[in-house]
$ cat model_16.cif   # mmCIF, C-alpha atoms
data_coords
loop_
_atom_site.label_atom_id
_atom_site.label_comp_id
_atom_site.auth_asym_id
_atom_site.auth_seq_id
_atom_site.Cartn_x
_atom_site.Cartn_y
_atom_site.Cartn_z
CA MET A 405 98.61 85.69 130.92
CA ALA A 406 98.32 89.40 130.62
CA LYS A 407 98.29 90.64 127.06
CA PRO A 408 99.09 94.27 126.41
CA ARG A 409 97.76 96.39 123.58
CA VAL A 410 98.98 99.88 122.76
CA LYS A 411 98.08 102.38 120.12
CA VAL A 412 100.94 104.70 119.27
CA PRO A 413 101.28 106.83 116.14
CA LYS A 414 104.15 105.58 113.99
CA THR A 415 105.21 109.06 112.94
CA ALA A 416 104.91 112.56 114.40
CA ALA A 417 106.27 116.03 113.78
CA ALA A 418 108.72 117.42 116.34
CA GLY A 419 106.82 119.13 119.14
CA ASP A 420 103.61 117.24 118.41
CA VAL A 421 101.40 116.25 121.30
CA VAL A 422 100.48 112.65 120.60
CA THR A 423 97.75 110.56 122.21
CA ILE A 424 98.76 107.14 123.48
CA LYS A 425 96.18 104.50 124.30
CA THR A 426 97.03 101.39 126.29
CA LEU A 427 95.02 98.43 127.45
CA ILE A 428 96.02 95.24 129.17
CA ASN A 429 93.95 92.09 129.36
CA HIS A 430 93.92 91.31 133.07
CA PRO A 431 91.26 90.09 135.53
CA MET A 432 92.22 92.64 138.26
CA GLU A 433 91.02 90.41 141.10
CA SER A 434 90.46 92.87 143.96
CA GLY A 435 91.02 90.51 146.89
CA GLN A 436 87.61 91.46 148.30
CA ARG A 437 85.60 88.69 146.70
CA LYS A 438 84.86 85.23 147.98
CA ASP A 439 84.42 82.05 146.00
CA LYS A 440 81.49 79.60 146.28
CA GLU A 441 82.98 77.95 149.38
CA GLY A 442 83.39 81.30 151.13
CA ASN A 443 87.16 81.45 150.80
CA LYS A 444 88.73 84.75 149.95
CA ILE A 445 89.98 84.97 146.36
CA PRO A 446 93.53 86.32 146.67
CA ARG A 447 94.24 89.76 145.31
CA LYS A 448 95.90 89.79 141.90
CA ILE A 449 96.03 93.13 140.17
CA ILE A 450 98.34 95.18 138.04
CA ASN A 451 99.70 97.56 140.69
CA LYS A 452 101.93 99.76 138.56
CA PHE A 453 101.90 101.07 135.05
CA GLU A 454 104.84 102.97 133.63
CA ALA A 455 105.84 104.42 130.30
CA SER A 456 109.18 105.86 129.35
CA PHE A 457 110.49 107.49 126.21
CA ASN A 458 114.15 106.85 125.39
CA GLY A 459 114.64 105.90 129.03
CA ALA A 460 113.06 109.05 130.48
CA GLU A 461 109.87 108.60 132.48
CA VAL A 462 106.70 109.81 130.78
CA ILE A 463 104.09 108.51 133.16
CA SER A 464 104.00 106.34 136.26
CA VAL A 465 100.76 105.18 137.81
CA ASP A 466 100.21 103.35 141.09
CA ILE A 467 97.07 101.29 140.70
CA GLY A 468 94.76 100.18 143.51
CA PRO A 469 92.26 97.34 143.67
CA ALA A 470 89.33 99.57 142.65
CA VAL A 471 90.48 99.69 139.04
CA SER A 472 88.38 97.40 136.95
CA THR A 473 89.20 94.48 134.67
CA ASN A 474 91.34 95.15 131.59
CA PRO A 475 92.75 98.50 132.78
CA TYR A 476 92.87 101.15 130.09
CA PHE A 477 95.14 104.17 130.24
CA GLN A 478 95.26 107.02 127.79
CA PHE A 479 97.74 109.86 128.03
CA ARG A 480 99.29 112.55 125.89
CA PHE A 481 102.85 113.68 125.69
CA THR A 482 105.07 115.86 123.54
CA VAL A 483 107.42 114.15 121.12
CA ASN A 484 110.57 116.09 120.24
CA GLU A 485 112.75 113.33 118.82
CA THR A 486 112.62 109.87 117.30
CA GLY A 487 112.62 107.22 119.95
CA ASP A 488 111.22 104.17 121.64
CA LEU A 489 108.22 104.39 123.91
CA ALA A 490 108.46 101.56 126.42
CA PHE A 491 105.48 100.39 128.44
CA LYS A 492 105.66 98.32 131.59
CA TRP A 493 102.92 96.74 133.68
CA THR A 494 103.76 95.21 137.05
CA ASP A 495 101.59 92.44 138.45
CA ASP A 496 101.08 91.68 142.16
CA ASP A 497 102.90 88.38 141.68
CA GLY A 498 105.94 90.28 140.47
CA SER A 499 105.60 89.37 136.82
CA ILE A 500 106.23 92.20 134.42
CA THR A 501 104.67 92.68 131.01
CA GLU A 502 106.52 94.92 128.62
CA THR A 503 106.11 96.22 125.12
CA THR A 504 107.84 98.89 123.07
CA LYS A 505 106.77 101.06 120.13
CA THR A 506 108.88 103.36 118.03
CA ILE A 507 107.82 106.87 117.11
CA THR A 508 109.65 108.41 114.17
CA VAL A 509 109.90 112.18 114.06
CA GLU A 510 109.85 113.43 110.49
CA MET B 1257 62.75 135.58 94.34
CA LYS B 1258 62.22 132.49 92.28
CA ARG B 1259 65.91 131.62 92.62
CA LEU B 1260 65.62 131.97 96.39
CA ALA B 1261 62.69 129.57 96.44
CA ILE B 1262 64.69 126.99 94.51
CA GLY B 1263 67.59 127.46 96.89
CA ALA B 1264 65.31 126.87 99.84
CA SER B 1265 63.86 123.70 98.38
CA ILE B 1266 67.35 122.32 97.77
CA ALA B 1267 68.21 123.04 101.37
CA VAL B 1268 65.10 121.17 102.49
CA ALA B 1269 66.03 118.24 100.29
CA ALA B 1270 69.54 118.20 101.75
CA LEU B 1271 68.13 118.19 105.26
CA ALA B 1272 65.87 115.30 104.40
CA VAL B 1273 68.87 113.30 103.20
CA SER B 1274 70.93 113.99 106.30
CA PHE B 1275 68.05 112.88 108.50
CA SER B 1276 67.44 109.72 106.51
CA ALA B 1277 67.55 106.51 108.43
CA GLN B 1278 71.08 105.49 107.56
CA ALA B 1279 73.75 107.33 109.47
CA ASP B 1280 76.13 108.10 106.64
CA GLU B 1281 75.37 106.72 103.22
CA GLU B 1282 78.85 107.35 101.88
CA ALA B 1283 80.90 106.01 104.76
CA GLU B 1284 83.04 102.99 104.00
CA LEU B 1285 84.35 100.45 106.44
CA VAL B 1286 88.13 100.44 106.61
CA VAL B 1287 89.59 98.53 109.54
CA ASN B 1288 92.90 99.71 111.02
CA GLU B 1289 93.24 102.13 108.08
CA GLU B 1290 94.28 99.22 105.87
CA LEU B 1291 91.67 96.48 105.50
CA GLU B 1292 88.85 97.67 103.28
CA ILE B 1293 85.66 95.74 103.89
CA SER B 1294 82.79 96.06 101.48
CA THR B 1295 79.56 96.67 103.36
CA LYS B 1296 77.40 96.43 100.26
CA ALA B 1297 76.92 93.58 97.87
CA ALA B 1298 74.75 92.69 94.93
CA ALA B 1299 71.77 90.63 96.00
CA PRO B 1300 72.13 86.91 95.25
CA LYS B 1301 69.83 85.36 92.69
CA GLY B 1302 66.29 85.02 93.96
CA SER B 1303 66.86 87.39 96.87
CA ALA B 1304 63.96 89.44 98.14
CA LEU B 1305 66.34 92.35 98.72
CA ASP B 1306 67.41 94.85 96.07
CA GLU B 1307 70.89 95.23 97.49
CA LEU B 1308 72.62 93.66 100.45
CA LEU B 1309 73.61 96.13 103.13
CA SER B 1310 75.67 95.15 106.13
CA GLY B 1311 74.32 95.97 109.56
CA TRP B 1312 77.32 98.28 109.95
CA ARG B 1313 75.69 100.77 107.58
CA PHE B 1314 72.69 101.10 109.87
CA ARG B 1315 74.64 102.12 112.92
CA THR B 1316 75.59 105.57 114.16
CA ASP B 1317 78.93 107.16 113.30
CA GLU B 1318 80.23 106.47 116.81
CA THR B 1319 79.37 102.78 116.69
CA GLN B 1320 80.79 102.50 113.19
CA ALA B 1321 84.04 104.05 114.36
CA LEU B 1322 84.44 101.43 117.10
CA GLN B 1323 84.61 98.73 114.46
CA MET B 1324 87.11 100.64 112.33
CA ASP B 1325 89.98 100.14 114.74
CA ASP B 1326 90.91 96.92 116.47
CA PHE B 1327 92.16 98.85 119.48
CA ASP B 1328 88.78 100.49 119.96
CA ASN B 1329 86.80 97.37 119.10
CA PRO B 1330 86.02 95.73 122.47
CA SER B 1331 85.65 92.33 120.79
CA PHE B 1332 89.40 92.02 120.67
CA ILE B 1333 89.65 91.63 124.42
CA PHE B 1334 87.78 88.37 123.91
CA VAL B 1335 89.77 87.44 120.81
CA GLU B 1336 92.92 87.77 122.93
CA GLN B 1337 91.41 85.58 125.62
CA ALA B 1338 90.59 83.01 122.95
CA GLU B 1339 94.22 83.02 121.81
CA ASP B 1340 95.09 81.76 125.28
CA LEU B 1341 92.27 79.20 125.18
CA TRP B 1342 93.56 78.01 121.81
CA THR B 1343 96.78 76.72 123.37
CA LYS B 1344 95.32 75.71 126.73
CA VAL B 1345 95.22 71.96 127.32
CA ASP B 1346 91.80 70.84 128.53
CA GLY B 1347 90.07 67.50 129.06
CA THR B 1348 91.16 63.90 129.55
CA GLU B 1349 93.09 63.57 126.28
CA GLY B 1350 95.63 66.22 127.22
CA LYS B 1351 95.03 68.22 124.09
CA SER B 1352 94.44 71.83 123.22
CA CYS B 1353 93.04 73.23 119.98
CA ALA B 1354 96.60 73.89 118.86
CA SER B 1355 97.62 70.22 119.37
CA CYS B 1356 95.73 69.28 116.20
CA HIS B 1357 95.02 72.51 114.37
CA GLU B 1358 98.37 74.20 115.14
CA ASP B 1359 97.87 77.74 113.89
CA VAL B 1360 94.40 79.26 113.99
CA ALA B 1361 95.25 81.11 110.76
CA LYS B 1362 94.60 77.78 109.01
CA PHE B 1363 90.92 78.47 109.45
CA LYS B 1364 91.03 81.39 107.09
CA GLY B 1365 87.89 81.16 104.99
CA LEU B 1366 86.04 78.74 107.25
CA ARG B 1367 83.67 81.37 108.58
CA THR B 1368 82.42 82.11 105.06
CA GLN B 1369 81.17 78.52 104.62
CA LEU B 1370 79.36 77.98 107.91
CA PRO B 1371 76.82 76.68 108.67
CA ARG B 1372 77.33 73.75 106.31
CA TYR B 1373 76.22 70.17 105.90
CA ASP B 1374 78.56 67.78 107.67
CA GLU B 1375 78.75 64.36 106.03
CA GLU B 1376 79.83 62.49 109.16
CA ALA B 1377 77.23 64.02 111.42
CA GLY B 1378 74.56 63.83 108.73
CA LYS B 1379 73.23 67.28 109.54
CA VAL B 1380 74.00 70.96 109.22
CA TYR B 1381 76.76 72.10 111.55
CA THR B 1382 77.49 75.58 112.83
CA MET B 1383 80.89 76.67 114.10
CA GLU B 1384 79.69 76.07 117.66
CA ASN B 1385 78.84 72.45 116.74
CA TYR B 1386 82.34 71.90 115.37
CA ILE B 1387 84.02 73.41 118.42
CA ASN B 1388 81.97 71.37 120.86
CA GLU B 1389 82.42 68.19 118.86
CA CYS B 1390 86.18 68.73 119.07
CA ARG B 1391 85.94 69.33 122.79
CA THR B 1392 83.80 66.32 123.65
CA GLU B 1393 84.99 63.79 121.05
CA ARG B 1394 88.68 64.57 120.65
CA MET B 1395 89.73 66.51 123.73
CA GLY B 1396 87.64 64.68 126.30
CA ALA B 1397 86.56 68.03 127.68
CA GLU B 1398 83.17 69.43 128.60
CA ALA B 1399 81.16 71.16 125.91
CA TRP B 1400 81.00 74.93 126.12
CA GLY B 1401 77.69 76.74 126.51
CA TRP B 1402 76.51 77.99 123.11
CA SER B 1403 76.47 81.70 123.96
CA LYS B 1404 78.91 81.65 126.85
CA VAL B 1405 82.05 83.78 126.99
CA LYS B 1406 84.54 81.05 126.02
CA MET B 1407 82.50 79.86 123.06
CA THR B 1408 81.83 83.31 121.60
CA ALA B 1409 85.47 84.27 122.16
CA MET B 1410 86.62 81.19 120.26
CA THR B 1411 84.15 81.70 117.40
CA ALA B 1412 85.37 85.31 117.21
CA LEU B 1413 89.01 84.19 117.01
CA ILE B 1414 88.24 81.69 114.25
CA SER B 1415 85.93 84.09 112.40
CA VAL B 1416 88.35 87.00 112.41
CA GLN B 1417 90.72 84.93 110.27
CA SER B 1418 88.18 85.25 107.43
CA ARG B 1419 87.56 88.96 107.87
CA GLY B 1420 86.93 90.70 104.58
CA MET B 1421 86.17 87.50 102.65
CA PRO B 1422 82.73 87.13 101.06
CA VAL B 1423 80.19 84.82 102.68
CA HIS B 1424 79.21 81.88 100.51
CA VAL B 1425 77.25 79.22 102.35
CA LYS B 1426 75.95 76.28 100.35
CA THR B 1427 72.20 75.85 100.28
CA ASP B 1428 71.90 73.05 97.74
CA GLY B 1429 72.55 69.32 97.94
CA LYS B 1430 72.10 67.79 101.36
CA ALA B 1431 71.79 71.19 103.01
CA ALA B 1432 68.63 71.90 100.99
CA PRO B 1433 66.05 70.49 103.45
CA THR B 1434 67.60 72.52 106.30
CA TYR B 1435 67.65 75.59 104.08
CA GLU B 1436 63.97 75.12 103.25
CA LEU B 1437 63.10 74.75 106.94
CA GLY B 1438 65.02 77.93 107.69
CA LYS B 1439 63.21 79.78 104.94
CA GLU B 1440 59.87 78.62 106.21
CA LEU B 1441 60.71 79.78 109.73
CA TYR B 1442 61.90 83.12 108.40
CA TYR B 1443 58.53 83.86 106.84
CA THR B 1444 56.35 82.32 109.57
CA ARG B 1445 54.60 84.77 111.85
CA VAL B 1446 54.97 83.87 115.51
CA GLY B 1447 54.40 85.28 118.97
CA GLN B 1448 51.87 87.66 120.46
CA LEU B 1449 52.92 90.39 118.05
CA ASP B 1450 52.38 87.94 115.20
CA MET B 1451 55.51 88.89 113.31
CA SER B 1452 57.97 87.05 111.12
CA CYS B 1453 61.63 87.86 110.58
CA ALA B 1454 60.70 89.24 107.17
CA ASN B 1455 58.26 91.81 108.58
CA CYS B 1456 61.16 93.75 110.06
CA HIS B 1457 64.27 92.79 108.15
CA GLU B 1458 62.83 92.53 104.66
CA ASP B 1459 59.83 94.88 104.59
CA ASN B 1460 61.05 97.55 106.98
CA TYR B 1461 64.83 97.70 107.05
CA GLY B 1462 66.04 101.28 107.32
CA ASN B 1463 62.97 102.25 109.35
CA MET B 1464 62.86 102.81 113.06
CA ILE B 1465 61.00 100.41 115.30
CA ARG B 1466 60.66 102.65 118.32
CA ALA B 1467 64.30 103.34 119.23
CA ASP B 1468 65.76 100.55 117.12
CA HIS B 1469 67.03 101.08 113.64
CA LEU B 1470 66.14 98.01 111.63
CA SER B 1471 68.87 96.45 109.54
CA GLN B 1472 68.53 93.73 106.95
CA GLY B 1473 69.43 91.26 109.65
CA HIS B 1474 72.55 89.80 108.08
CA ILE B 1475 74.84 87.75 110.26
CA ASN B 1476 78.13 88.48 108.47
CA GLY B 1477 79.43 90.30 111.55
CA PHE B 1478 78.76 87.61 114.14
CA PRO B 1479 79.81 86.98 116.80
CA THR B 1480 79.14 90.63 117.44
CA TYR B 1481 80.00 92.83 120.39
CA ARG B 1482 76.82 94.59 121.45
CA LEU B 1483 77.01 97.83 123.39
CA LYS B 1484 73.71 96.78 124.91
CA ASN B 1485 75.16 93.89 126.93
CA SER B 1486 78.91 94.57 126.55
CA LYS B 1487 79.78 91.08 125.44
CA LEU B 1488 80.08 89.00 122.32
CA ASN B 1489 76.79 87.62 121.09
CA SER B 1490 76.24 84.45 119.11
CA VAL B 1491 73.93 84.36 116.11
CA GLN B 1492 71.46 82.08 117.80
CA GLY B 1493 71.59 84.08 121.01
CA ARG B 1494 70.54 87.06 118.88
CA PHE B 1495 67.71 85.06 117.30
CA LYS B 1496 66.50 84.28 120.79
CA GLY B 1497 66.51 87.99 121.66
CA CYS B 1498 64.55 88.79 118.50
CA MET B 1499 61.93 86.18 119.31
CA LYS B 1500 61.53 87.51 122.83
CA ASN B 1501 61.04 91.00 121.39
CA ILE B 1502 58.07 89.81 119.38
CA ARG B 1503 56.79 87.99 122.46
CA ALA B 1504 57.28 84.55 121.01
CA THR B 1505 58.66 81.52 122.82
CA PRO B 1506 62.20 81.19 121.47
CA TYR B 1507 63.35 77.93 119.94
CA LYS B 1508 66.17 76.13 121.68
CA VAL B 1509 69.60 77.64 121.09
CA GLY B 1510 71.60 74.99 119.25
CA GLY B 1511 68.41 73.22 118.19
CA ALA B 1512 67.31 72.21 114.70
CA GLU B 1513 65.09 75.28 114.13
CA PHE B 1514 67.70 77.91 114.96
CA THR B 1515 70.41 76.05 113.05
CA ALA B 1516 68.16 75.97 109.99
CA LEU B 1517 67.41 79.66 110.46
CA GLU B 1518 71.11 80.42 110.83
CA LEU B 1519 71.82 78.68 107.54
CA TYR B 1520 69.00 80.49 105.76
CA VAL B 1521 69.89 83.92 107.18
CA ALA B 1522 73.58 83.37 106.36
CA SER B 1523 72.61 82.50 102.78
CA ARG B 1524 70.62 85.73 102.48
CA GLY B 1525 73.92 87.51 103.06
CA ASN B 1526 75.90 85.49 100.50
CA GLY B 1527 78.30 87.97 98.92
CA LEU B 1528 78.64 90.28 101.92
CA ALA B 1529 82.08 90.40 103.52
CA VAL B 1530 82.73 88.77 106.88
CA GLU B 1531 83.06 91.52 109.49
CA SER B 1532 83.42 89.38 112.59
CA PRO B 1533 83.85 90.45 115.27
CA SER B 1534 81.68 93.46 114.60
CA VAL B 1535 80.32 96.14 116.94
CA ARG B 1536 76.60 96.81 117.07
CA ASN B 1537 74.27 98.53 119.51
#

$ encode --input "model_16.cif" --output "structure tokens"
Amino acid sequence: MAKPRVKVPKTAAAGDVVTIKTLINHPMESGQRKDKEGNKIPRKIINKFEASFNGAEVISVDIGPAVSTNPYFQFRFTVNETGDLAFKWTDDDGSITETTKTITVE
Amino acid sequence: MKRLAIGASIAVAALAVSFSAQADEEAELVVNEELEISTKAAAPKGSALDELLSGWRFRTDETQALQMDDFDNPSFIFVEQAEDLWTKVDGTEGKSCASCHEDVAKFKGLRTQLPRYDEEAGKVYTMENYINECRTERMGAEAWGWSKVKMTAMTALISVQSRGMPVHVKTDGKAAPTYELGKELYYTRVGQLDMSCANCHEDNYGNMIRADHLSQGHINGFPTYRLKNSKLNSVQGRFKGCMKNIRATPYKVGGAEFTALELYVASRGNGLAVESPSVRN
């Protein structure tokens, strides 16, 4: 099962540009490889990564099979208000992994 | 003029300090900005070392920083994988680790005692021995390879429960013969380069051996994520690498010699805090 990890500052000043780091434990099977018997190993990757702050989209990434195991994304955005930063990873099989962190503006 | 000369000599002295072998003498290891881990300890009685210094102190600032945050520490990818393995049923008995041991947090403190003499087995056991005994005897599953991904991930998961606690392996009683064997091996010169463990890690720690910065060789941070091979490394896997470096034929991983050496080397670090899973180069 995919396990997400995110690093989000707990507090920030209004207008601060904060750095967000995310990583998800996932094999990212490209669909190009073959097993010992020569059968194709079916593709199974995270094909979309999204983050939203208080419901508004912050980042949305379409991911292809060339992205390696345990995909890591780092991005920066400006925080103006206290709110929840929600992360969402979509797997090829349709399963969705989600996690949320709160940033408090002091 | 005289004052200027004094000033200059102080500057030279300061330069000498900043270029000394250890990256930053004053740096302290604080994980996740909350868990303070002591990287120094008083030498145990009879130790050949003046003061115990964790391998963390011998690494560069960048490598040190990787261990100071669990997000940045690549070991935790494997720890997370081990959390899945912990609850995964394997073998003919239909059991997982969690079936008997429930929560892995129960093993808090275990890492500080291993290797130790096991009464039932009648010999010194490492954590790998215990895991594989569970797998073959109680789960009916295949044993894991000593230094393979699943094994090192699991030892990392169990070891991290004891992070920050001081190592205190027992060397007396029935463990004594194994301890003595380990000590003998530690001081025995082997290989084409005719070197013993002590030649580097006791006589020359802090010095450079070509591009390598020699530490005291403590194993309080194992299993350790090495930047060199980007995976977790077992203690005995590391011993094997050391022996190859001095052009010796390594002993068998999991064999009596390396287990004895693991016990002896662990005892040399008695008092140092467990750092597993650490990051080294």

$ closest_atom_pairs --input "model_16.cif" --of "stretch 1351-1432 of chain B" --to "stretch 1290-1307 of chain B" --cutoff "10 Å" --atoms "all atoms listed in the file" --output "tab-separated table"
residue	atom	partner	partner_atom	distance
B:Arg1419	CA	B:Ile1293	CA	8.1
B:Gly1420	CA	B:Ile1293	CA	5.2
B:Met1421	CA	B:Ile1293	CA	8.3
B:Pro1422	CA	B:Ser1294	CA	8.9

$ resolve_selection --input "model_16.cif" --expression "the PyMOL selection byres ((chain B and resi 1403) around 10)" --output "list in words"
Glu1384, Trp1400, Gly1401, Trp1402, Lys1404, Val1405, Lys1406, Met1407, Thr1408, Ala1409, Pro1479, Leu1488, Asn1489, Ser1490, Val1491, Gln1492, Gly1493, Arg1494, Val1509 and Gly1510 of chain B

$ closest_atom_pairs --input "model_16.cif" --of "chain A" --to "chain B" --cutoff "9 Å" --atoms "only C-alpha atoms" --output "Markdown table"
| residue | atom | partner | partner_atom | distance |
| --- | --- | --- | --- | --- |
| A:Met405 | CA | B:Asp1340 | CA | 7.7 |
| A:Lys407 | CA | B:Glu1336 | CA | 7.4 |
| A:Arg409 | CA | B:Phe1327 | CA | 7.4 |
| A:Val410 | CA | B:Phe1327 | CA | 7.6 |
| A:Lys411 | CA | B:Phe1327 | CA | 6.9 |
| A:Lys425 | CA | B:Phe1327 | CA | 8.4 |
| A:Thr426 | CA | B:Phe1327 | CA | 8.7 |
| A:Leu427 | CA | B:Phe1327 | CA | 8.5 |
| A:Ile428 | CA | B:Ile1333 | CA | 8.7 |
| A:Asn429 | CA | B:Ile1333 | CA | 6.6 |
| A:Asn474 | CA | B:Ile1333 | CA | 8.2 |

$ closest_residue --input "model_16.cif" --among "B:Thr1427, B:Thr1348, B:Gln1417, B:Asn1385" --to "B:Glu1398" --atoms "all atoms listed in the file"
B:Thr1348

$ closest_residue --input "model_16.cif" --among "A:Thr423, A:Thr415, A:Thr501, A:Thr486" --to "A:Phe457" --atoms "all atoms listed in the file"
A:Thr486

$ resolve_selection --input "model_16.cif" --expression "the PyMOL selection byres ((chain B and resi 1371-1373) around 12)" --output "ChimeraX atom specification"
/B:1366-1370,1374-1386,1423-1435,1438,1475-1476,1491-1492,1510,1514-1523

$ resolve_selection --input "model_16.cif" --expression "the PyMOL selection byres ((chain B and resi 1482) around 12)" --output "list in words"
Arg1315, Thr1319, Leu1322, Gln1323, Asn1329, Pro1330, Ser1331, Gly1477, Phe1478, Pro1479, Thr1480, Tyr1481, Leu1483, Lys1484, Asn1485, Ser1486, Lys1487, Leu1488, Asn1489, Ser1490, Val1491, Gly1493, Arg1494, Pro1533, Ser1534, Val1535, Arg1536 and Asn1537 of chain B

$ residues_around --input "model_16.cif" --residues "A:Gly419" --least-positions-apart "3" --cutoff "10 Å" --atoms "all atoms listed in the file" --output "JSON, numbers by chain"
{"A": [416, 422, 481, 482, 483, 484, 485, 509]}

$ atom_distance --input "model_16.cif" --atom1 "atom CA of A:Ala406" --atom2 "atom CA of A:Thr504"
15.4 Å

$ residues_around --input "model_16.cif" --residues "A:Ser472" --least-positions-apart "2" --cutoff "10 Å" --atoms "all atoms listed in the file" --output "JSON, numbers by chain"
{"A": [430, 431, 432, 433, 434, 449, 468, 469, 470, 474, 475, 476]}

$ closest_residue --input "model_16.cif" --among "A:Val421, A:Ala490, A:Val471, A:Val412" --to "A:Glu454" --atoms "all atoms listed in the file"
A:Ala490

$ atom_distance --input "model_16.cif" --atom1 "atom CA of B:Asn1288" --atom2 "atom CA of B:Asp1359"
22.7 Å

$ closest_residue --input "model_16.cif" --among "B:Glu1289, B:Glu1389, B:Glu1284, B:Glu1339" --to "B:Arg1313" --atoms "only C-alpha atoms"
B:Glu1284

$ decode --input "model_16.cif" --residues "stretch 436-469 of chain A" --atoms "C-alpha atoms" --output "mmCIF file, in the first residue's frame"
data_model
loop_
_atom_site.group_PDB
_atom_site.id
_atom_site.type_symbol
_atom_site.label_atom_id
_atom_site.label_comp_id
_atom_site.auth_asym_id
_atom_site.auth_seq_id
_atom_site.Cartn_x
_atom_site.Cartn_y
_atom_site.Cartn_z
ATOM 1 C CA GLN A 436 7.907 -1.738 -19.770
ATOM 2 C CA ARG A 437 9.543 -4.494 -17.774
ATOM 3 C CA LYS A 438 9.181 -8.226 -18.117
ATOM 4 C CA ASP A 439 9.317 -10.852 -15.410
ATOM 5 C CA LYS A 440 11.477 -14.004 -15.427
ATOM 6 C CA GLU A 441 9.010 -15.862 -17.669
ATOM 7 C CA GLY A 442 8.999 -13.032 -20.212
ATOM 8 C CA ASN A 443 5.520 -11.773 -19.368
ATOM 9 C CA LYS A 444 4.970 -8.066 -19.256
ATOM 10 C CA ILE A 445 4.619 -6.675 -15.735
ATOM 11 C CA PRO A 446 1.487 -4.504 -15.871
ATOM 12 C CA ARG A 447 1.897 -0.782 -15.447
ATOM 13 C CA LYS A 448 1.081 0.506 -11.975
ATOM 14 C CA ILE A 449 2.091 4.059 -11.262
ATOM 15 C CA ILE A 450 0.833 7.110 -9.473
ATOM 16 C CA ASN A 451 -0.503 9.074 -12.450
ATOM 17 C CA LYS A 452 -1.648 12.242 -10.708
ATOM 18 C CA PHE A 453 -0.548 14.283 -7.763
ATOM 19 C CA GLU A 454 -2.597 17.201 -6.508
ATOM 20 C CA ALA A 455 -2.482 19.601 -3.614
ATOM 21 C CA SER A 456 -5.119 22.094 -2.611
ATOM 22 C CA PHE A 457 -5.300 24.712 0.099
ATOM 23 C CA ASN A 458 -8.734 25.316 1.614
ATOM 24 C CA GLY A 459 -10.213 23.717 -1.492
ATOM 25 C CA ALA A 460 -8.328 25.875 -3.996
ATOM 26 C CA GLU A 461 -5.847 24.101 -6.244
ATOM 27 C CA VAL A 462 -2.191 24.750 -5.462
ATOM 28 C CA ILE A 463 -0.524 22.263 -7.750
ATOM 29 C CA SER A 464 -1.621 19.489 -10.086
ATOM 30 C CA VAL A 465 0.854 17.150 -11.721
ATOM 31 C CA ASP A 466 0.234 14.518 -14.389
ATOM 32 C CA ILE A 467 2.831 11.824 -13.914
ATOM 33 C CA GLY A 468 4.159 9.495 -16.612
ATOM 34 C CA PRO A 469 5.855 6.118 -16.337
#
